[in-house]
Structure formats: structure tokens, C-alpha cells
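Have a look at query.csv below; it lists CSV, C-alpha atoms.
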```csv
chain,number,residue,atom,x,y,z
O,30,MET,CA,129.3,67.6,125.1
O,31,LYS,CA,127.3,70.4,126.6
O,32,SER,CA,125.9,72.9,124.1
O,33,LYS,CA,128.2,75.8,123.2
O,34,PRO,CA,127.3,78.7,125.4
O,35,GLN,CA,126.7,82.2,124.0
O,36,ILE,CA,127.2,85.5,125.9
O,37,LYS,CA,123.9,87.4,126.3
O,38,LYS,CA,123.5,90.4,124.1
O,39,GLY,CA,124.0,93.7,125.8
O,40,ALA,CA,127.0,92.6,127.9
O,41,ILE,CA,129.5,95.4,128.3
O,42,MET,CA,132.4,93.4,127.0
O,43,GLU,CA,131.0,91.8,123.8
O,44,ILE,CA,133.4,89.0,123.2
O,45,SER,CA,132.2,85.8,121.5
O,46,SER,CA,132.0,82.7,123.5
O,47,ASP,CA,134.4,81.0,121.2
O,48,LEU,CA,137.1,83.6,121.8
O,49,ILE,CA,136.5,83.4,125.6
O,50,ILE,CA,136.8,79.6,125.7
O,51,ILE,CA,139.9,79.7,123.4
O,52,GLY,CA,141.4,82.5,125.4
O,53,THR,CA,140.8,80.6,128.7
O,54,ALA,CA,142.4,77.5,127.3
O,55,VAL,CA,145.4,79.3,125.8
O,56,LEU,CA,146.0,81.0,129.2
O,57,VAL,CA,145.8,77.7,131.0
O,58,ALA,CA,148.1,76.1,128.5
O,59,ALA,CA,150.6,79.0,128.7
O,60,ASN,CA,150.6,79.0,132.5
O,61,CYS,CA,150.9,75.3,132.9
O,62,ALA,CA,153.4,74.7,130.1
O,63,SER,CA,155.8,77.4,131.3
O,64,ILE,CA,156.0,76.0,134.9
O,65,GLY,CA,155.9,72.5,133.6
O,66,VAL,CA,159.3,73.0,131.8
O,67,PHE,CA,161.0,73.0,135.2
O,68,LEU,CA,159.1,70.0,136.4
O,69,VAL,CA,160.1,68.0,133.3
O,70,LEU,CA,163.8,69.1,133.6
O,71,ARG,CA,163.8,68.2,137.3
O,72,GLN,CA,162.3,64.8,136.5
O,73,MET,CA,159.3,65.7,138.7
O,74,ALA,CA,156.6,65.6,136.0
O,75,MET,CA,154.4,63.4,138.1
O,76,MET,CA,154.5,65.9,140.9
O,77,SER,CA,152.2,68.1,138.8
O,78,ASP,CA,149.8,65.1,138.7
O,79,ALA,CA,150.0,64.8,142.5
O,80,ILE,CA,149.4,68.5,143.1
O,81,SER,CA,146.7,68.8,140.5
O,82,HIS,CA,144.7,66.1,142.3
O,83,ALA,CA,145.6,66.9,145.9
O,84,VAL,CA,144.6,70.6,145.7
O,85,LEU,CA,141.0,69.3,145.6
O,86,LEU,CA,141.3,68.7,149.4
O,87,GLY,CA,142.3,72.3,150.1
O,88,ILE,CA,139.7,73.7,147.7
O,89,VAL,CA,136.9,71.8,149.4
O,90,ILE,CA,138.0,72.7,152.9
O,91,ALA,CA,138.2,76.3,151.9
O,92,ILE,CA,134.7,76.2,150.5
O,93,PHE,CA,133.4,74.6,153.7
O,94,ALA,CA,135.2,77.3,155.7
O,95,VAL,CA,133.8,80.3,154.0
O,96,GLY,CA,130.5,78.7,152.8
O,97,GLY,CA,131.1,79.4,149.1
O,98,ARG,CA,133.6,79.4,146.2
O,99,GLU,CA,135.3,82.7,147.0
O,100,PRO,CA,138.4,83.0,144.8
O,101,ILE,CA,141.0,84.0,147.5
O,102,PRO,CA,140.2,81.3,150.1
O,103,VAL,CA,140.0,78.7,147.3
O,104,ILE,CA,143.4,79.6,146.0
O,105,VAL,CA,144.9,79.7,149.5
O,106,GLY,CA,143.4,76.4,150.4
O,107,GLY,CA,144.6,74.8,147.2
O,108,VAL,CA,148.1,76.1,147.6
O,109,LEU,CA,148.3,74.9,151.2
O,110,SER,CA,147.1,71.5,150.1
O,111,GLY,CA,149.8,71.5,147.4
O,112,ILE,CA,152.5,72.4,149.9
O,113,LEU,CA,151.2,69.7,152.2
O,114,THR,CA,151.5,67.2,149.3
O,115,VAL,CA,155.1,68.2,148.4
O,116,SER,CA,156.1,68.1,152.1
O,117,LEU,CA,154.6,64.6,152.7
O,118,VAL,CA,156.2,63.3,149.4
O,119,GLU,CA,159.6,64.7,150.5
O,120,LEU,CA,159.2,63.2,154.0
O,121,LEU,CA,158.6,59.7,152.6
O,122,TYR,CA,161.3,60.0,150.0
O,123,ARG,CA,164.0,61.4,152.3
O,124,SER,CA,163.2,58.6,154.8
O,125,GLY,CA,165.3,56.4,152.4
O,126,LYS,CA,162.7,53.7,152.4
O,127,LEU,CA,160.8,54.7,149.2
O,128,LYS,CA,161.6,56.2,145.8
O,129,GLN,CA,160.1,59.5,144.8
O,130,ASP,CA,157.6,58.0,142.4
O,131,SER,CA,156.4,55.6,145.0
O,132,SER,CA,156.0,58.4,147.5
O,133,ILE,CA,153.9,60.4,145.0
O,134,GLY,CA,151.8,57.3,144.3
O,135,ILE,CA,151.0,57.0,148.0
O,136,ILE,CA,150.3,60.6,149.0
O,137,PHE,CA,148.3,62.0,146.2
O,138,PRO,CA,145.6,59.3,145.9
O,139,PHE,CA,145.2,59.5,149.7
O,140,LEU,CA,144.7,63.3,149.7
O,141,PHE,CA,142.6,63.2,146.5
O,142,ALA,CA,140.4,60.5,147.9
O,143,ILE,CA,139.7,62.6,151.0
O,144,GLY,CA,138.8,65.5,148.8
O,145,VAL,CA,136.4,63.4,146.7
O,146,ILE,CA,134.7,62.2,149.9
O,147,LEU,CA,134.3,65.8,151.1
O,148,VAL,CA,132.9,66.8,147.7
O,149,THR,CA,130.0,64.5,148.3
O,150,GLN,CA,129.2,66.4,151.5
O,151,ALA,CA,129.4,69.8,149.8
O,152,GLY,CA,125.7,70.4,150.2
O,153,ASN,CA,124.4,73.5,148.4
O,154,VAL,CA,127.8,74.5,147.2
O,155,HIS,CA,128.1,73.7,143.5
O,156,ILE,CA,131.0,71.3,143.1
O,157,ASP,CA,130.9,67.8,141.7
O,158,ALA,CA,133.2,65.0,140.6
O,159,GLN,CA,132.7,65.6,136.9
O,160,HIS,CA,133.6,69.3,137.3
O,161,VAL,CA,136.7,68.2,139.2
O,162,LEU,CA,138.0,65.9,136.5
O,163,TYR,CA,136.8,67.4,133.3
O,164,GLY,CA,136.2,71.0,134.2
O,165,SER,CA,133.6,73.2,132.6
O,166,ILE,CA,135.5,75.4,130.2
O,167,GLU,CA,132.5,75.6,127.9
O,168,PHE,CA,130.7,77.7,130.6
O,169,ALA,CA,133.6,80.2,131.0
O,170,PRO,CA,131.6,82.9,129.0
O,171,PHE,CA,128.8,82.7,131.6
O,172,ASP,CA,131.2,83.2,134.6
O,173,LEU,CA,131.4,86.9,134.6
O,174,LEU,CA,133.4,89.3,136.8
O,175,TYR,CA,131.7,92.5,138.1
O,176,LEU,CA,133.3,95.7,139.3
O,177,ASP,CA,130.6,97.1,141.5
O,178,GLU,CA,127.7,96.5,139.1
O,179,LEU,CA,129.8,96.9,135.9
O,180,ASN,CA,130.4,93.7,133.9
O,181,ILE,CA,134.1,93.7,133.0
O,182,GLY,CA,134.1,90.4,131.2
O,183,SER,CA,135.0,86.7,131.8
O,184,LYS,CA,136.3,85.9,135.2
O,185,SER,CA,138.5,83.2,133.9
O,186,LEU,CA,140.3,85.5,131.5
O,187,TRP,CA,141.0,88.0,134.3
O,188,VAL,CA,142.2,85.5,136.8
O,189,LEU,CA,144.3,83.5,134.4
O,190,GLY,CA,145.7,86.7,132.9
O,191,ILE,CA,146.8,87.8,136.4
O,192,LEU,CA,148.3,84.3,137.0
O,193,ALA,CA,150.2,84.6,133.7
O,194,ILE,CA,151.7,87.9,134.9
O,195,ALA,CA,152.7,86.2,138.2
O,196,ASN,CA,154.2,83.2,136.4
O,197,VAL,CA,156.2,85.3,134.0
O,198,SER,CA,157.4,87.5,136.9
O,199,PHE,CA,158.4,84.4,138.9
O,200,ILE,CA,160.4,82.9,136.1
O,201,GLY,CA,161.9,86.2,135.1
O,202,ILE,CA,163.0,87.2,138.6
O,203,LEU,CA,164.3,83.7,139.6
O,204,TYR,CA,165.5,82.6,136.1
O,205,LYS,CA,169.1,82.2,137.1
O,206,GLU,CA,168.3,80.4,140.4
O,207,LEU,CA,165.8,78.1,138.7
O,208,LYS,CA,168.2,77.3,135.9
O,209,ILE,CA,171.2,76.5,138.1
O,210,SER,CA,169.3,74.6,140.8
O,211,THR,CA,167.6,72.6,138.1
O,212,PHE,CA,170.7,71.5,136.3
O,213,ASP,CA,173.3,71.4,139.1
O,214,LYS,CA,172.0,71.4,142.8
O,215,SER,CA,175.6,71.1,144.1
O,216,LEU,CA,176.7,74.3,142.2
O,217,ALA,CA,173.6,76.1,143.4
O,218,LEU,CA,174.5,75.2,147.0
O,219,GLY,CA,178.1,76.2,146.4
O,220,VAL,CA,177.2,79.7,145.2
O,221,GLY,CA,174.6,80.2,147.9
O,222,LEU,CA,171.4,80.1,145.8
O,223,MET,CA,169.4,78.0,148.4
O,224,PRO,CA,168.0,75.4,146.0
O,225,LEU,CA,165.6,74.0,148.7
O,226,LEU,CA,163.9,77.4,148.9
O,227,VAL,CA,163.8,77.7,145.1
O,228,HIS,CA,162.2,74.2,145.0
O,229,TYR,CA,159.4,75.1,147.4
O,230,LEU,CA,158.8,78.4,145.7
O,231,LEU,CA,158.4,76.5,142.4
O,232,MET,CA,156.0,74.0,144.1
O,233,ILE,CA,154.0,77.0,145.4
O,234,MET,CA,153.7,78.3,141.8
O,235,VAL,CA,152.8,74.8,140.6
O,236,ALA,CA,150.0,74.6,143.2
O,237,THR,CA,148.8,78.1,142.5
O,238,THR,CA,148.7,77.5,138.8
O,239,ALA,CA,146.9,74.1,139.3
O,240,VAL,CA,144.3,75.7,141.6
O,241,VAL,CA,143.5,78.6,139.3
O,242,ALA,CA,143.5,76.4,136.1
O,243,PHE,CA,141.6,73.6,137.9
O,244,GLU,CA,138.6,75.9,138.3
O,245,SER,CA,138.2,76.3,134.5
O,246,VAL,CA,139.4,73.1,132.9
O,247,GLY,CA,139.6,70.3,135.5
O,248,ALA,CA,142.4,68.1,136.6
O,249,ILE,CA,142.9,66.1,133.4
O,250,LEU,CA,143.7,69.0,131.2
O,251,VAL,CA,145.8,70.7,133.8
O,252,ILE,CA,148.0,67.7,134.1
O,253,ALA,CA,148.2,67.4,130.3
O,254,PHE,CA,149.3,71.0,129.9
O,255,PHE,CA,151.8,70.8,132.7
O,256,ILE,CA,153.6,67.8,131.2
O,257,VAL,CA,153.0,67.2,127.5
O,258,PRO,CA,154.0,70.5,125.9
O,259,ALA,CA,157.1,70.7,128.1
O,260,SER,CA,158.1,67.1,127.2
O,261,ALA,CA,157.7,67.8,123.5
O,262,SER,CA,159.8,71.0,123.7
O,263,TYR,CA,162.5,69.0,125.6
O,264,LEU,CA,162.8,66.8,122.4
O,265,LEU,CA,163.2,69.9,120.2
O,266,THR,CA,165.9,72.0,122.0
O,267,GLU,CA,168.6,71.9,124.6
O,268,ARG,CA,168.4,75.5,125.6
O,269,LEU,CA,166.1,76.5,128.5
O,270,SER,CA,165.0,79.8,127.1
O,271,ARG,CA,163.9,78.1,123.8
O,272,MET,CA,162.3,75.3,125.7
O,273,LEU,CA,160.1,77.8,127.6
O,274,VAL,CA,159.0,79.5,124.4
O,275,LEU,CA,158.4,76.2,122.5
O,276,SER,CA,156.5,74.7,125.5
O,277,VAL,CA,154.1,77.7,125.7
O,278,SER,CA,153.7,77.7,121.9
O,279,LEU,CA,152.9,74.0,121.7
O,280,GLY,CA,150.4,74.3,124.5
O,281,THR,CA,148.7,77.2,122.8
O,282,VAL,CA,148.5,75.3,119.5
O,283,SER,CA,147.1,72.3,121.3
O,284,ALA,CA,144.4,74.4,122.9
O,285,VAL,CA,143.3,76.1,119.7
O,286,ILE,CA,143.3,73.0,117.5
O,287,GLY,CA,141.7,70.9,120.3
O,288,TYR,CA,138.8,73.4,120.6
O,289,LEU,CA,138.2,73.5,116.9
O,290,PHE,CA,138.2,69.7,116.7
O,291,ALA,CA,135.8,69.5,119.7
O,292,ILE,CA,133.3,71.9,117.9
O,293,ILE,CA,133.5,70.1,114.6
O,294,ALA,CA,133.2,66.6,116.1
O,295,ASP,CA,130.9,67.6,119.0
O,296,VAL,CA,133.0,66.0,121.7
O,297,SER,CA,134.5,67.0,125.0
O,298,ILE,CA,136.5,70.2,124.7
O,299,SER,CA,139.0,69.3,127.5
O,300,GLY,CA,139.4,65.8,126.1
O,301,SER,CA,140.1,67.1,122.6
O,302,MET,CA,142.7,69.6,123.8
O,303,ALA,CA,144.5,66.9,125.9
O,304,THR,CA,144.3,64.5,122.9
O,305,THR,CA,145.7,67.1,120.5
O,306,ALA,CA,148.6,67.8,122.9
O,307,GLY,CA,149.3,64.0,122.9
O,308,ILE,CA,149.2,63.9,119.1
O,309,ILE,CA,151.6,66.8,118.9
O,310,PHE,CA,153.9,65.1,121.3
O,311,GLY,CA,153.7,61.9,119.3
O,312,LEU,CA,154.7,63.7,116.1
O,313,THR,CA,157.5,65.4,117.9
O,314,TRP,CA,158.7,62.1,119.4
O,315,VAL,CA,158.9,60.6,115.9
O,316,PHE,CA,160.1,63.5,113.8
O,317,ALA,CA,162.2,65.8,116.2
O,318,PRO,CA,165.4,66.7,114.3
O,319,ASN,CA,167.9,65.6,117.0
O,320,ARG,CA,166.0,63.5,119.6
O,321,GLY,CA,163.2,62.1,117.5
O,322,LEU,CA,162.7,58.4,116.8
O,323,ILE,CA,163.6,58.7,113.1
O,324,SER,CA,166.7,60.8,113.9
O,325,ARG,CA,167.9,58.4,116.5
O,326,TRP,CA,167.3,55.4,114.1
O,327,ARG,CA,169.3,57.2,111.4
O,328,ARG,CA,172.1,57.9,113.9
O,329,ILE,CA,172.3,54.3,115.0
O,330,SER,CA,172.2,53.1,111.4
O,331,LYS,CA,175.0,55.5,110.5
O,332,GLN,CA,177.1,54.3,113.5
O,333,ARG,CA,176.4,50.7,112.6
O,334,PHE,CA,177.4,51.4,109.0
O,335,GLU,CA,180.6,53.0,110.1
O,336,ILE,CA,181.5,50.0,112.3
O,337,ASP,CA,180.7,47.6,109.5
O,338,LEU,CA,182.9,49.7,107.1
O,339,GLY,CA,185.8,49.3,109.5
O,340,ILE,CA,185.2,45.6,109.8
O,341,VAL,CA,185.2,45.2,106.0
O,342,LEU,CA,188.4,47.2,105.5
O,343,THR,CA,190.1,45.2,108.3
O,344,LEU,CA,188.9,41.9,106.7
O,345,ILE,CA,190.3,43.0,103.3
O,346,GLN,CA,193.6,43.9,105.0
O,347,ASN,CA,193.9,40.6,106.9
O,348,GLU,CA,193.0,38.6,103.8
O,349,HIS,CA,195.6,40.5,101.7
O,350,ASP,CA,198.2,39.9,104.4
O,351,ALA,CA,197.4,36.2,104.1
O,352,ASP,CA,197.7,36.3,100.3
O,353,ARG,CA,194.0,35.5,99.9
O,354,GLN,CA,191.7,37.3,97.5
O,355,VAL,CA,188.7,39.2,98.7
O,356,SER,CA,185.4,39.6,96.7
O,357,THR,CA,181.9,40.6,97.6
O,358,SER,CA,181.1,36.9,98.1
O,359,THR,CA,184.1,36.6,100.5
O,360,ILE,CA,182.7,39.4,102.6
O,361,SER,CA,179.2,37.8,102.7
O,362,ASN,CA,180.5,34.3,103.6
O,363,SER,CA,183.1,35.5,106.1
O,364,LEU,CA,180.9,37.9,108.0
O,365,GLY,CA,177.5,36.3,107.5
O,366,TRP,CA,176.0,39.3,105.9
O,367,SER,CA,173.5,39.2,103.0
O,368,LYS,CA,174.9,39.5,99.5
O,369,GLU,CA,172.9,42.7,99.0
O,370,TYR,CA,174.4,44.4,102.1
O,371,SER,CA,177.9,43.2,101.3
O,372,LYS,CA,177.6,44.6,97.7
O,373,LYS,CA,176.3,47.9,99.1
O,374,LEU,CA,179.4,48.1,101.4
O,375,ALA,CA,181.7,47.1,98.6
O,376,GLU,CA,180.3,49.8,96.3
O,377,PHE,CA,180.6,52.4,99.1
O,378,VAL,CA,184.3,51.7,99.9
O,379,LYS,CA,185.0,51.9,96.2
O,380,ALA,CA,183.2,55.2,95.8
O,381,GLN,CA,185.2,56.5,98.8
O,382,LYS,CA,188.4,55.4,97.1
O,383,PHE,CA,189.2,53.0,100.0
O,384,VAL,CA,189.6,50.1,97.6
O,385,GLU,CA,190.2,49.4,94.0
O,386,ILE,CA,188.8,46.4,92.0
O,387,ASP,CA,191.3,44.4,89.9
O,388,ALA,CA,190.5,42.6,86.7
O,389,GLN,CA,189.2,39.5,88.5
O,390,GLY,CA,186.8,41.6,90.6
O,391,ASN,CA,188.8,41.3,93.8
O,392,LEU,CA,189.0,44.2,96.3
O,393,ILE,CA,192.4,45.8,97.0
O,394,LEU,CA,193.0,48.4,99.6
O,395,THR,CA,194.3,51.8,98.5
O,396,GLY,CA,196.6,53.9,100.6
O,397,LEU,CA,193.6,55.8,101.9
O,398,GLY,CA,191.8,52.5,102.7
O,399,LEU,CA,194.9,51.1,104.5
O,400,LYS,CA,195.1,54.1,106.7
O,401,LYS,CA,191.4,53.9,107.5
O,402,ALA,CA,191.7,50.2,108.4
O,403,GLU,CA,194.7,50.9,110.6
O,404,ASN,CA,192.8,53.7,112.4
O,405,PHE,CA,189.9,51.3,113.0
O,406,SER,CA,192.1,48.6,114.4
O,407,ASN,CA,193.8,51.0,116.7
```
Using the file provided, produce a representation of the structure as C-alpha cells.
Amino acid sequence: MKSKPQIKKGAIMEISSDLIIIGTAVLVAANCASIGVFLVLRQMAMMSDAISHAVLLGIVIAIFAVGGREPIPVIVGGVLSGILTVSLVELLYRSGKLKQDSSIGIIFPFLFAIGVILVTQAGNVHIDAQHVLYGSIEFAPFDLLYLDELNIGSKSLWVLGILAIANVSFIGILYKELKISTFDKSLALGVGLMPLLVHYLLMIMVATTAVVAFESVGAILVIAFFIVPASASYLLTERLSRMLVLSVSLGTVSAVIGYLFAIIADVSISGSMATTAGIIFGLTWVFAPNRGLISRWRRISKQRFEIDLGIVLTLIQNEHDADRQVSTSTISNSLGWSKEYSKKLAEFVKAQKFVEIDAQGNLILTGLGLKKAENFSN
């Protein structure tokens, strides 16, 4: 990992390099995670991957056109490249010959590869493949913004801060349209919300966010922050408003913890942040209250136990109707269950007062158990 940069003493805005790097990462995470929620809900997560790579083509063309990395041309070039990516993917998908994931898999490597080829011809303009993939967030404190000759601080913080305002405004103004067109396109069409226009406006914001974030942290971290926090928040809530807040929060936590780990372990900052986001998602996937792996396993186990309970009660009723006695061994032999599991069920139905045990240890249905068995049979 490159050595941690320090801001030169005497700078007008004396902010430590740590705070600038963390602030940059947090703003990237917040911007990507908020927009990423709608990509995840629309099952378009891989579109962020496509756009994040394909914008390189527009960025390089813009650099060639103006002879340098001027912010406005670079953003415009990247956004146009993102729109081109979305349009070509839609064209292939709507042809009816390919699925959407296949369309994405064809278009974005093609455009990204052209961008990589052009990067090698960039000449004196500072842009390289490592910067494209991994970014150079550790040098954010050195990339300063000047107003006339006045140093007003880190360029990344200003640019990403303005982007955050734009993204919040976009989501706030079009919240209803985004929500309805995301969950029910037919309804959106029916009430005249123009879901296609909303879709392309969303893709423009994705492309803009990708281009601006791309400059600071590279493609890998942009993709991670677009998809991972939003996917984790999807496992935690079913409400869009809460999902937005959780997604931004998880992205922010990933950025901060990832940076601290990178400093302690002396490893890649972007890689640590992306890895931290993945670990947080993994923990969420396992432990989420309603949609987590453990919760799902418990639900399935409970459902299986309920079914087995009905089977046991029905067996007892059928054996009683045939004037045969039922014991724990009978349940185990008849149903092929282990004696331990059969005993567990027998104790449970007794505790629930579904059965009584006579002097010989046989199970006899109570009135409550008979009713439960009849309900299960019906």
C-alpha cells in the first residue's frame, strides 16, 4: 500500500489526511449505496458493474478531447458513456434474443476494453489501469481545490459533497415515481408516471455517481458500494425508506472500518473497504432477523415440526380407531423417525395437552388433540 499522505502544513483548511480519506470514502459509500437501493430492487445490480466499467471509455475520450482531466468534460463523457451502455443493453435485451444479464455481459466488457486500449494511448495525461481499477483514495488529501489562489480544501470532498446533494434531491423529488415504477411498472404506466423516463433518469444518476466516485476510489470499490450495502439492507427491512437509511449507514460503516483495518494491516484501502462491506453483508445474510439464514432455518424447522406434529396426532387417531395402542416406539417404528425425535414429539404433545398417557404408557388423544388432528386432516 502506498504510504499514507499528509497535508502540508500551512494549508488554509487544516484537515488531517485521515479525515479527508475517510470523508471521501464515506461520501462515495453514501452516494453509491443510496442509488444502489433502486438497482437492487429492480434486479439491475449488475448494471452498476456495467456502467462503472463502461464509463472509462467516455472519460478517456473526454480527456483526449480537452487535453486534460477537466472535471466537467470528464463527467459529461462518463455520463454519455453510461447512457450508451444502458441503451445498448436495452437494445439487445428488447430484441428478444438475449436475457438482460447476457446483454450486460456482452456490452460492458466491449466498451471497457476499448477504454483500456485508449488508456494506453493517453500520452502525457496521468491515467493508468491501476488507477482505473483500484483508485487512489490515499492521495485525496493532495488533490486540492483552489478558488482563484485560495486553497479551499480537498477537491474530492467538494465534488462528492455536491454529488450527495444532487442524489438526495433526485431521490427526494422523484421518490414517489421511483417507488411505484420500481415495484409496479404497470401501475406506474396506468397513473401516467412515465417509468421509462424515470428509468433513464436513474441510469443517468448511476452514471454520474460512478464517474465522480470512479475518480477517487476506482471501479472495484464503486461497484461494491453500489451493490453490497443495498443488498444487506434488503435483508433487514421491507420498507423503502428504511432500506435507504440502512444502505447508507452500512456503506458508511464499511468505509470507516475498512480504512482503519487498512492502516493497521498496511494493506489496500479500497480493498479493505470492499472486503469489510462483504463481511458485513455475510453477517447480515446469516443473522438478519427475518430473512437471514438462521431465521430461515428456524422457520423451516418450525414448519417441519408443525407438520410432524399433525402426522403424529393423525397416527394416534388412526391407531385408536383401529383399537391399537400407540407408544413412543410405535411412532418411531411406524414413521421411521429416531427414538429421540419421537420421544421429543411425544413430550411436546403431552405438554400441549393434546394427549394423555395411560398406566401402560400409551398415548391417548384428548378432546383438544382430537380437534387438532381433525384440523390437520382437513
Inset, instruction - For atom CA of Phe334 of chain O and atom CA of Lys379 of chain O, quote the distance in Å rounded to one decimal. - result: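 We find that atom CA of Phe334 of chain O and atom CA of Lys379 of chain O lie 14.9 Å from each other.
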How close does each residue of segment 218-307 of chain O get to segment 168-182 of chain O, giving the shortest atom pair and distance in Å to one decimal for every residue with an atom at most 12 Å away, counting all atoms listed in the file, sorted by chain and residue number, as CSV?
```
residue,atom,partner,partner_atom,distance
O:Ala242,CA,O:Ala169,CA,11.8
O:Glu244,CA,O:Ala169,CA,9.8
O:Ser245,CA,O:Ala169,CA,7.0
O:Val246,CA,O:Ala169,CA,9.4
O:Ile298,CA,O:Phe168,CA,11.2
```
Inset, instruction - In Å, rounded to a single decimal, give me how far atom CA of Pro258 of chain O is from atom CA of Ile309 of chain O. - result: 8.3 Å
Legend entry - Atom-to-atom span, atom CA of Leu275 of chain O and atom CA of Ala193 of chain O, Å: 16.2 Å
Inset, instruction - Would you kindly return, as a ChimeraX atom specification, each protein, DNA or RNA residue with an atom no farther than 6 Å from any atom of segment 98-110 of chain O, considering only C-alpha atoms and excluding same-chain residues fewer than 4 positions away? - result: /O:84,87-88,91-92,236-237,240
